[in-house]
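So this one's start_8.cif, mmCIF, C-alpha atoms:
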data_input
#
loop_
_atom_site.label_atom_id
_atom_site.label_comp_id
_atom_site.auth_asym_id
_atom_site.auth_seq_id
_atom_site.Cartn_x
_atom_site.Cartn_y
_atom_site.Cartn_z
CA MET A 551 18.48 7.91 15.12
CA THR A 552 17.54 5.94 11.99
CA ASN A 553 19.30 7.11 8.86
CA ASN A 554 16.91 8.16 6.12
CA PRO A 555 18.13 6.79 2.76
CA SER A 556 16.67 9.83 1.00
CA ASP A 557 19.43 11.89 2.69
CA THR A 558 22.24 9.88 1.06
CA VAL A 559 24.44 11.34 -1.69
CA ARG A 560 24.81 7.94 -3.37
CA ALA A 561 22.58 7.47 -6.40
CA ASP A 562 19.39 5.52 -5.72
CA PHE A 563 19.38 3.98 -9.19
CA MET A 564 16.35 1.72 -8.62
CA SER A 565 14.24 4.88 -8.26
CA MET A 566 15.33 6.11 -11.70
CA THR A 567 13.21 6.02 -14.85
CA PRO A 568 14.80 4.28 -17.85
CA GLU A 569 15.73 7.68 -19.27
CA GLU A 570 17.35 8.81 -16.01
CA LEU A 571 19.06 5.45 -15.72
CA GLY A 572 20.46 5.88 -19.23
CA ALA A 573 22.16 9.15 -18.28
CA TYR A 574 23.45 7.62 -15.05
CA THR A 575 24.84 4.58 -16.87
CA VAL A 576 26.71 6.79 -19.32
CA SER A 577 28.09 8.81 -16.39
CA LEU A 578 29.66 5.58 -15.12
CA GLY A 579 31.38 5.05 -18.47
CA GLU A 580 29.01 2.40 -19.84
CA LYS A 581 27.09 2.17 -23.10
CA PRO A 582 23.50 3.52 -22.96
CA TYR A 583 21.96 0.11 -23.75
CA ARG A 584 23.21 -1.19 -20.40
CA ALA A 585 20.52 0.93 -18.74
CA ALA A 586 17.73 -1.12 -20.34
CA GLN A 587 19.38 -4.32 -19.16
CA LEU A 588 19.75 -2.97 -15.64
CA PHE A 589 16.16 -1.68 -15.52
CA SER A 590 14.86 -5.08 -16.63
CA TRP A 591 16.92 -6.94 -14.02
CA MET A 592 15.78 -4.66 -11.20
CA ALA A 593 12.14 -5.13 -12.25
CA LYS A 594 12.72 -8.88 -11.84
CA GLY A 595 14.00 -8.31 -8.31
CA ALA A 596 17.43 -9.77 -9.06
CA PRO A 597 20.45 -9.06 -6.84
CA LEU A 598 23.41 -7.43 -8.56
CA ASP A 599 25.45 -10.63 -8.72
CA ALA A 600 22.66 -12.34 -10.68
CA MET A 601 22.73 -9.73 -13.47
CA THR A 602 24.96 -11.95 -15.56
CA ASN A 603 24.79 -10.00 -18.84
CA LEU A 604 26.19 -6.88 -17.16
CA PRO A 605 29.98 -6.56 -16.99
CA ALA A 606 31.43 -7.33 -13.58
CA ALA A 607 33.15 -3.94 -13.57
CA PHE A 608 29.82 -2.16 -14.12
CA ARG A 609 28.19 -4.07 -11.30
CA LYS A 610 31.12 -3.18 -9.05
CA LYS A 611 30.67 0.52 -9.88
CA LEU A 612 26.95 0.28 -9.13
CA ALA A 613 27.68 -1.26 -5.74
CA GLU A 614 30.37 1.23 -4.84
CA GLU A 615 29.05 4.49 -6.28
CA GLY A 616 25.29 3.90 -6.19
CA GLU A 617 22.83 2.36 -3.79
CA TYR A 618 20.66 -0.58 -4.79
CA ARG A 619 17.75 -0.43 -2.35
CA ARG A 620 16.52 -3.94 -3.04
CA PRO A 621 14.74 -5.09 0.16
CA GLU A 622 15.91 -8.28 1.88
CA ILE A 623 13.51 -10.88 3.23
CA GLU A 624 13.71 -10.73 7.03
CA ARG A 625 10.85 -13.16 7.60
CA LYS A 626 8.39 -15.07 5.42
CA LEU A 627 5.15 -16.77 6.44
CA VAL A 628 3.05 -18.95 4.13
CA SER A 629 -0.60 -19.70 4.90
CA ALA A 630 -1.48 -23.39 5.02
CA ILE A 631 -5.08 -22.38 4.31
CA ASP A 632 -4.87 -20.48 1.03
CA GLY A 633 -1.19 -20.00 0.13
CA THR A 634 -1.09 -16.31 1.05
CA VAL A 635 2.51 -15.21 1.66
CA LYS A 636 3.40 -12.54 4.19
CA TYR A 637 6.82 -10.91 4.01
CA LEU A 638 8.68 -8.82 6.52
CA TYR A 639 11.11 -6.87 4.35
CA ARG A 640 14.26 -5.25 5.73
CA MET A 641 15.47 -2.06 4.06
CA THR A 642 19.12 -1.09 3.65
CA ASP A 643 19.01 1.02 6.83
CA GLY A 644 17.49 -1.79 8.90
CA GLU A 645 13.89 -0.50 8.91
CA CYS A 646 11.28 -3.18 8.24
CA VAL A 647 7.93 -3.12 6.45
CA GLU A 648 5.42 -5.76 5.40
CA SER A 649 3.98 -7.00 2.12
CA VAL A 650 1.29 -9.62 1.51
CA PHE A 651 1.08 -11.73 -1.67
CA MET A 652 -2.41 -13.12 -2.38
CA HIS A 653 -3.90 -15.50 -4.93
CA TYR A 654 -7.33 -14.95 -6.44
CA GLU A 655 -9.23 -16.64 -9.24
CA HIS A 656 -8.43 -13.73 -11.54
CA GLY A 657 -4.70 -13.62 -10.69
CA THR A 658 -2.30 -12.48 -8.00
CA SER A 659 -2.22 -9.29 -5.95
CA LEU A 660 0.43 -7.79 -3.71
CA CYS A 661 -0.22 -5.42 -0.83
CA VAL A 662 2.78 -3.13 -0.38
CA SER A 663 3.83 -0.63 2.28
CA SER A 664 4.68 3.00 1.54
CA GLN A 665 6.15 4.09 4.89
CA ALA A 666 8.01 2.61 7.83
CA GLY A 667 5.33 3.16 10.44
CA CYS A 668 2.47 5.60 10.10
CA ALA A 669 1.68 9.04 11.51
CA MET A 670 -2.10 8.92 10.98
CA GLY A 671 -2.97 7.46 14.39
CA CYS A 672 -5.99 5.35 13.39
CA ARG A 673 -7.23 3.66 16.56
CA PHE A 674 -7.67 0.16 15.14
CA CYS A 675 -4.40 -0.17 13.23
CA ALA A 676 -1.20 -1.94 14.31
CA SER A 677 0.90 0.03 11.81
CA THR A 678 0.50 3.33 13.63
CA LEU A 679 1.15 2.23 17.22
CA ASN A 680 4.77 3.42 17.29
CA GLY A 681 4.30 6.30 14.87
CA LYS A 682 6.09 6.99 11.59
CA VAL A 683 9.84 6.57 11.33
CA ARG A 684 10.19 7.63 7.70
CA SER A 685 8.71 7.40 4.23
CA LEU A 686 9.96 4.81 1.77
CA THR A 687 11.70 5.75 -1.45
CA ALA A 688 10.15 4.78 -4.79
CA SER A 689 12.78 2.03 -5.07
CA GLU A 690 11.84 0.58 -1.67
CA ILE A 691 8.17 0.38 -2.66
CA LEU A 692 9.00 -1.07 -6.09
CA GLY A 693 11.47 -3.46 -4.48
CA GLN A 694 8.72 -5.13 -2.47
CA ALA A 695 6.93 -6.07 -5.69
CA ALA A 696 10.08 -7.03 -7.58
CA VAL A 697 11.56 -9.21 -4.82
CA THR A 698 8.19 -10.89 -4.23
CA ALA A 699 8.08 -11.87 -7.92
CA TYR A 700 11.72 -13.03 -7.73
CA ASP A 701 11.13 -15.09 -4.58
CA THR A 702 7.83 -16.70 -5.60
CA GLY A 703 8.62 -17.14 -9.29
CA GLU A 704 5.15 -15.76 -10.03
CA ARG A 705 4.01 -12.65 -11.83
CA VAL A 706 2.46 -9.93 -9.69
CA ASP A 707 -0.75 -9.05 -11.57
CA GLY A 708 -2.03 -6.28 -9.33
CA ILE A 709 -0.87 -3.96 -6.55
CA VAL A 710 -2.69 -2.52 -3.57
CA LEU A 711 -0.99 0.33 -1.71
CA MET A 712 -2.69 -0.67 1.49
CA GLY A 713 0.14 -1.86 3.71
CA ILE A 714 2.03 0.09 6.37
CA GLY A 715 1.85 3.85 5.98
CA GLU A 716 -0.33 6.48 4.30
CA PRO A 717 0.56 6.60 0.58
CA LEU A 718 -0.58 10.19 0.09
CA ASP A 719 1.66 11.27 2.99
CA ASN A 720 4.53 10.06 0.77
CA TYR A 721 3.11 11.57 -2.38
CA ASP A 722 6.14 12.18 -4.61
CA ASN A 723 7.71 8.78 -4.01
CA VAL A 724 4.40 6.99 -4.51
CA VAL A 725 3.70 8.77 -7.81
CA ARG A 726 7.22 7.92 -9.02
CA PHE A 727 6.63 4.31 -7.96
CA LEU A 728 3.41 4.20 -9.99
CA HIS A 729 5.28 5.34 -13.10
CA LEU A 730 8.05 2.79 -12.51
CA VAL A 731 5.91 -0.25 -11.73
CA SER A 732 3.62 0.35 -14.72
CA ASP A 733 6.45 0.87 -17.23
CA GLU A 734 6.27 -1.84 -19.91
CA ARG A 735 10.07 -2.03 -19.92
CA GLY A 736 9.92 -3.18 -16.31
CA MET A 737 7.18 -4.92 -14.31
CA GLY A 738 4.49 -3.60 -16.64
CA ILE A 739 1.63 -3.76 -14.12
CA GLY A 740 -1.31 -1.84 -15.58
CA LEU A 741 -2.39 1.19 -13.58
CA ARG A 742 -5.99 -0.01 -13.70
CA HIS A 743 -4.80 -3.02 -11.70
CA ILE A 744 -3.43 -0.80 -8.94
CA SER A 745 -5.41 0.48 -5.93
CA LEU A 746 -4.22 3.27 -3.67
CA SER A 747 -5.68 3.40 -0.18
CA THR A 748 -5.85 6.64 1.77
CA CYS A 749 -7.29 7.68 5.12
CA GLY A 750 -8.41 10.92 3.47
CA LEU A 751 -5.71 13.53 2.80
CA VAL A 752 -8.07 15.71 0.78
CA PRO A 753 -5.61 18.06 -0.98
CA ARG A 754 -3.57 15.10 -2.20
CA ILE A 755 -6.68 13.38 -3.59
CA TYR A 756 -7.19 16.41 -5.82
CA ASP A 757 -3.50 16.30 -6.77
CA LEU A 758 -3.70 12.61 -7.63
CA ALA A 759 -6.76 13.20 -9.80
CA GLY A 760 -4.66 15.52 -11.94
CA GLU A 761 -1.76 13.10 -12.47
CA GLY A 762 -3.37 11.21 -15.34
CA LEU A 763 -2.83 7.90 -13.54
CA PRO A 764 -6.01 5.77 -13.69
CA VAL A 765 -5.48 3.97 -10.39
CA THR A 766 -8.43 2.96 -8.22
CA LEU A 767 -8.85 5.23 -5.20
CA SER A 768 -9.70 3.25 -2.07
CA VAL A 769 -10.75 5.46 0.83
CA SER A 770 -10.64 4.29 4.45
CA LEU A 771 -13.94 5.59 5.79
CA HIS A 772 -14.80 3.36 8.77
CA ALA A 773 -17.63 5.55 10.09
CA SER A 774 -20.78 7.26 8.90
CA ASP A 775 -20.59 10.41 11.05
CA ASP A 776 -17.85 12.86 11.94
CA GLU A 777 -17.94 12.25 15.70
CA THR A 778 -17.33 8.51 15.36
CA ARG A 779 -14.80 8.89 12.55
CA SER A 780 -12.82 11.53 14.42
CA ALA A 781 -12.61 9.22 17.44
CA LEU A 782 -11.31 6.38 15.25
CA MET A 783 -9.32 8.43 12.73
CA PRO A 784 -7.72 11.73 13.83
CA VAL A 785 -7.39 12.83 10.19
CA ASN A 786 -11.14 13.45 10.16
CA ARG A 787 -10.72 16.44 12.47
CA ARG A 788 -8.87 18.16 9.64
CA TYR A 789 -10.79 16.75 6.68
CA PRO A 790 -14.34 15.82 7.74
CA ILE A 791 -16.52 13.43 5.79
CA ALA A 792 -18.27 16.04 3.64
CA GLU A 793 -14.94 17.45 2.41
CA LEU A 794 -13.58 13.96 1.84
CA LEU A 795 -16.57 12.86 -0.23
CA ALA A 796 -16.39 16.04 -2.31
CA ALA A 797 -12.77 15.16 -3.16
CA CYS A 798 -13.76 11.58 -3.98
CA ARG A 799 -16.53 12.83 -6.25
CA ALA A 800 -14.01 15.10 -8.01
CA TYR A 801 -11.65 12.14 -8.41
CA PHE A 802 -14.37 10.14 -10.15
CA GLU A 803 -15.34 13.05 -12.37
CA LYS A 804 -11.71 13.64 -13.39
CA THR A 805 -10.62 10.02 -13.89
CA GLY A 806 -13.84 8.09 -14.54
CA ARG A 807 -12.63 5.54 -11.97
CA ARG A 808 -15.16 4.27 -9.44
CA VAL A 809 -14.09 4.99 -5.85
CA SER A 810 -14.06 2.21 -3.27
CA PHE A 811 -14.63 2.80 0.42
CA GLU A 812 -13.05 0.60 3.09
CA TYR A 813 -15.20 0.15 6.17
CA THR A 814 -13.78 -1.88 9.07
CA LEU A 815 -16.55 -3.20 11.27
CA ILE A 816 -15.78 -2.75 14.98
CA ALA A 817 -18.07 -4.28 17.58
CA GLY A 818 -20.20 -1.68 19.32
CA ARG A 819 -18.55 1.26 17.57
CA ASN A 820 -19.74 1.41 13.96
CA ASP A 821 -21.49 -1.89 13.16
CA SER A 822 -25.20 -1.31 13.86
CA ARG A 823 -28.00 -1.34 11.31
CA GLU A 824 -28.46 2.37 12.08
CA ASP A 825 -24.81 2.95 11.18
CA ALA A 826 -25.40 1.18 7.88
CA ALA A 827 -28.49 3.24 7.09
CA ARG A 828 -26.62 6.47 7.89
CA LEU A 829 -23.65 5.36 5.77
CA ALA A 830 -25.92 4.68 2.78
CA ASP A 831 -27.50 8.10 3.14
CA VAL A 832 -24.13 9.87 3.48
CA LEU A 833 -22.66 8.15 0.42
CA LYS A 834 -25.69 8.73 -1.79
CA LYS A 835 -25.81 12.42 -0.91
CA GLY A 836 -22.07 13.04 -0.78
CA MET A 837 -20.88 11.05 -3.79
CA ARG A 838 -23.68 11.21 -6.37
CA ALA A 839 -21.47 8.82 -8.35
CA PRO A 840 -20.85 5.05 -8.53
CA CYS A 841 -18.96 3.67 -5.54
CA HIS A 842 -18.41 0.40 -3.71
CA VAL A 843 -18.11 -0.39 -0.01
CA ASN A 844 -15.67 -3.09 1.09
CA LEU A 845 -16.70 -4.28 4.54
CA ILE A 846 -13.84 -5.66 6.61
CA LEU A 847 -14.13 -7.61 9.84
CA LEU A 848 -11.70 -6.01 12.28
CA ASN A 849 -8.39 -7.83 12.61
CA GLU A 850 -7.98 -7.59 16.38
CA VAL A 851 -4.82 -6.00 17.75
CA LYS A 852 -4.40 -6.56 21.49
CA GLU A 853 -3.06 -3.07 22.14
CA THR A 854 -6.21 -1.33 20.82
CA GLY A 855 -8.80 -3.15 22.95
CA LEU A 856 -11.24 -3.15 20.00
CA GLU A 857 -13.22 -6.27 19.08
CA THR A 858 -14.51 -7.95 15.93
CA PRO A 859 -18.30 -8.23 15.52
CA GLN A 860 -20.02 -11.50 14.75
CA LYS A 861 -20.24 -12.48 11.08
CA ALA A 862 -24.05 -12.39 11.29
CA ARG A 863 -23.90 -8.74 12.31
CA ALA A 864 -21.61 -8.00 9.37
CA ASN A 865 -24.12 -9.65 7.04
CA GLU A 866 -26.92 -7.52 8.48
CA PHE A 867 -24.82 -4.40 7.88
CA MET A 868 -24.12 -5.39 4.28
CA ASN A 869 -27.76 -6.27 3.60
CA GLU A 870 -28.88 -2.91 4.94
CA LEU A 871 -26.51 -1.10 2.57
CA VAL A 872 -27.59 -3.18 -0.42
CA SER A 873 -31.27 -2.68 0.39
CA ARG A 874 -30.64 1.07 0.26
CA GLY A 875 -28.96 0.90 -3.13
CA VAL A 876 -25.29 0.88 -2.10
CA ASN A 877 -23.02 -1.74 -3.66
CA ALA A 878 -21.29 -3.60 -0.81
CA THR A 879 -19.41 -6.83 -0.17
CA ILE A 880 -17.64 -8.39 2.81
CA ARG A 881 -13.97 -8.86 2.06
CA ARG A 882 -12.78 -12.43 2.22
CA ARG A 883 -10.02 -12.70 4.76
CA LEU A 884 -6.91 -14.36 3.34
CA GLY A 885 -3.98 -15.69 5.36
CA ALA A 886 -5.98 -15.92 8.58
CA ASP A 887 -3.46 -18.36 10.09
CA ILE A 888 -0.51 -15.99 9.55
CA ASN A 889 -2.10 -12.67 10.64
CA ALA A 890 -1.86 -11.37 7.08
CA SER A 891 -3.11 -7.87 7.98
CA CYS A 892 -0.18 -5.45 7.81
CA GLY A 893 1.68 -4.07 10.81
CA GLN A 894 1.82 -6.99 13.19
CA LEU A 895 5.11 -8.59 12.13
CA ARG A 896 6.82 -5.21 12.26
CA LEU A 897 5.33 -4.56 15.70
CA GLN A 898 6.58 -7.94 16.94
CA ARG A 899 10.06 -7.17 15.65
CA GLN A 900 10.07 -3.75 17.32
CA LYS A 901 9.01 -5.30 20.64
CA ALA A 902 11.72 -7.95 20.35
CA GLY A 903 14.28 -5.19 19.75
CA GLU A 904 13.08 -3.24 22.79
CA GLY A 905 13.41 -6.34 24.95
CA ALA A 906 16.92 -7.17 23.75
#
Written as structure tokens, how would this file's structure read?
Amino acid sequence: MTNNPSDTVRADFMSMTPEELGAYTVSLGEKPYRAAQLFSWMAKGAPLDAMTNLPAAFRKKLAEEGEYRRPEIERKLVSAIDGTVKYLYRMTDGECVESVFMHYEHGTSLCVSSQAGCAMGCRFCASTLNGKVRSLTASEILGQAAVTAYDTGERVDGIVLMGIGEPLDNYDNVVRFLHLVSDERGMGIGLRHISLSTCGLVPRIYDLAGEGLPVTLSVSLHASDDETRSALMPVNRRYPIAELLAACRAYFEKTGRRVSFEYTLIAGRNDSREDAARLADVLKKGMRAPCHVNLILLNEVKETGLETPQKARANEFMNELVSRGVNATIRRRLGADINASCGQLRLQRQKAGEGA
């Protein structure tokens, strides 16, 4: 059985706020100002032996009495097309997750994972094929961003919690991560530059709305009716579309942040002009607030048997939405030559392990 780091008695000091880190540092017999130095180094993704302004004895105590959950790079792929970098990160217990570093005209963005595997069971997703092993700690989520910055030498300007796992199924660790990654004493990534993607855990959407964290909510919708969505996304059987949209509307009203909807186009399942017309009607009635639809051409995963529609059909779908007053765009696919969509590197590694 895989050991869950959250069960350890050793202090996970990368998950600590600067204030918590200050108390911990003093408990190890160090001056309080060492905490600020340590927090800054961890935000840069540095290994302990690179933290040269910390006393060697302090670093030794950290290694022996605490646990530095800085992920290690298991595998790295760089796109020859657009420079997108895909990482397979190995956690301290051997579990692996993926992150994708992307370049845009307005800056850089990193897609991070929040769980090792996923329990949501979405039919089109590679991340969920072998279920969820465990949730990541706040440090393991933060570590993906910090180590990416350390490895690339570039600033991470924005974060999307859209990798492996359901962020709202790991609520406490994700909220702690948001506080840590946005702290100006660390990575200082503005919360308005962070998007959190969810398949629709309705109670947690209401909880998130009350946190005072102005992140963009990105909801994986992928269907315009409950029958189709339930077939693709089991979560819909518990929280159908009407309930989900009511929560999204409440999120907008509480935060003032426009909600985005992710809609993966799957050939013959949800990609017709009729589907688009029904989607426009559902969103206009259910949201009654500004929203945006990100259309995504399915990234085919052999195990699912689902297929990608033609680009022309995707354009027809988008045009139908726009003609009915719904803001929609087709997401540009980055890293096409390295399978930059999350879940596939981890799946390959799991299969290799099974065959060993």
Out of A:Lys581, A:Arg684, A:Arg619, A:Lys610, which residue has the shortest atom-to-atom distance to Phe563 (chain A) when counting all atoms listed in the file? A:Arg619
Hey, what comes out of the PyMOL selection byres ((chain A and resi 600-605) around 8) on this file? Could you write it as a list of chain:residue names?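 Those residues are A:Arg584, A:Gln587, A:Leu588, A:Trp591, A:Ala596, A:Pro597, A:Leu598, A:Asp599, A:Ala606, A:Ala607, A:Phe608, A:Arg609.
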List every residue of region 736-779 of chain A that has an atom at most 12 Å from any atom of region 637-659 of chain A, giving for each one its closest atom pair and the distance in Å to one decimal, counting only C-alpha atoms, sorted by chain and then by ascending residue number, as CSV.
residue,atom,partner,partner_atom,distance
A:Ile739,CA,A:Ser659,CA,10.6
A:His743,CA,A:Ser659,CA,8.9
A:Ile744,CA,A:Ser659,CA,9.1
A:Ser745,CA,A:Ser659,CA,10.3
Using only C-alpha atoms, give me every residue within 12 Å of (-13.7, 11.8, -13.6) in file coordinates, as a ChimeraX atom specification. /A:756,758-760,762-767,797-809,839-840
Using all atoms listed in the file, which residues sit within 12 Å of Asp722 (chain A) once same-chain residues fewer than 5 positions away are excluded, as a ChimeraX atom specification? /A:565,664,685-688,717,727-729,754,757-758,761
For those residues, write C-alpha atoms to a file as a PDB file, keeping the file's coordinate frame.
ATOM      1  CA  SER A 565      14.240   4.880  -8.260  1.00  0.00           C
ATOM      2  CA  SER A 664       4.680   3.000   1.540  1.00  0.00           C
ATOM      3  CA  SER A 685       8.710   7.400   4.230  1.00  0.00           C
ATOM      4  CA  LEU A 686       9.960   4.810   1.770  1.00  0.00           C
ATOM      5  CA  THR A 687      11.700   5.750  -1.450  1.00  0.00           C
ATOM      6  CA  ALA A 688      10.150   4.780  -4.790  1.00  0.00           C
ATOM      7  CA  PRO A 717       0.560   6.600   0.580  1.00  0.00           C
ATOM      8  CA  PHE A 727       6.630   4.310  -7.960  1.00  0.00           C
ATOM      9  CA  LEU A 728       3.410   4.200  -9.990  1.00  0.00           C
ATOM     10  CA  HIS A 729       5.280   5.340 -13.100  1.00  0.00           C
ATOM     11  CA  ARG A 754      -3.570  15.100  -2.200  1.00  0.00           C
ATOM     12  CA  ASP A 757      -3.500  16.300  -6.770  1.00  0.00           C
ATOM     13  CA  LEU A 758      -3.700  12.610  -7.630  1.00  0.00           C
ATOM     14  CA  GLU A 761      -1.760  13.100 -12.470  1.00  0.00           C
TER      15      GLU A 761
END
For the PyMOL selection byres ((chain A and resi 585) around 12), applied here, can you spell out every residue it catches as a count of residues only? 35
Just say which residues the PyMOL selection byres ((chain A and resi 812) around 9) picks in this file, as an MDAnalysis selection string. chainID A and resid 747 768:772 810:811 813:814 842:846
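Between CA of Ser689 (chain A) and CA of Arg726 (chain A) the interatomic distance comes to 9.0 Å.
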Within 6 Å of region 778-788 of chain A, counting all atoms listed in the file, which residues qualify if same-chain residues fewer than 5 places away don't, as a ChimeraX atom specification? /A:672-673,773
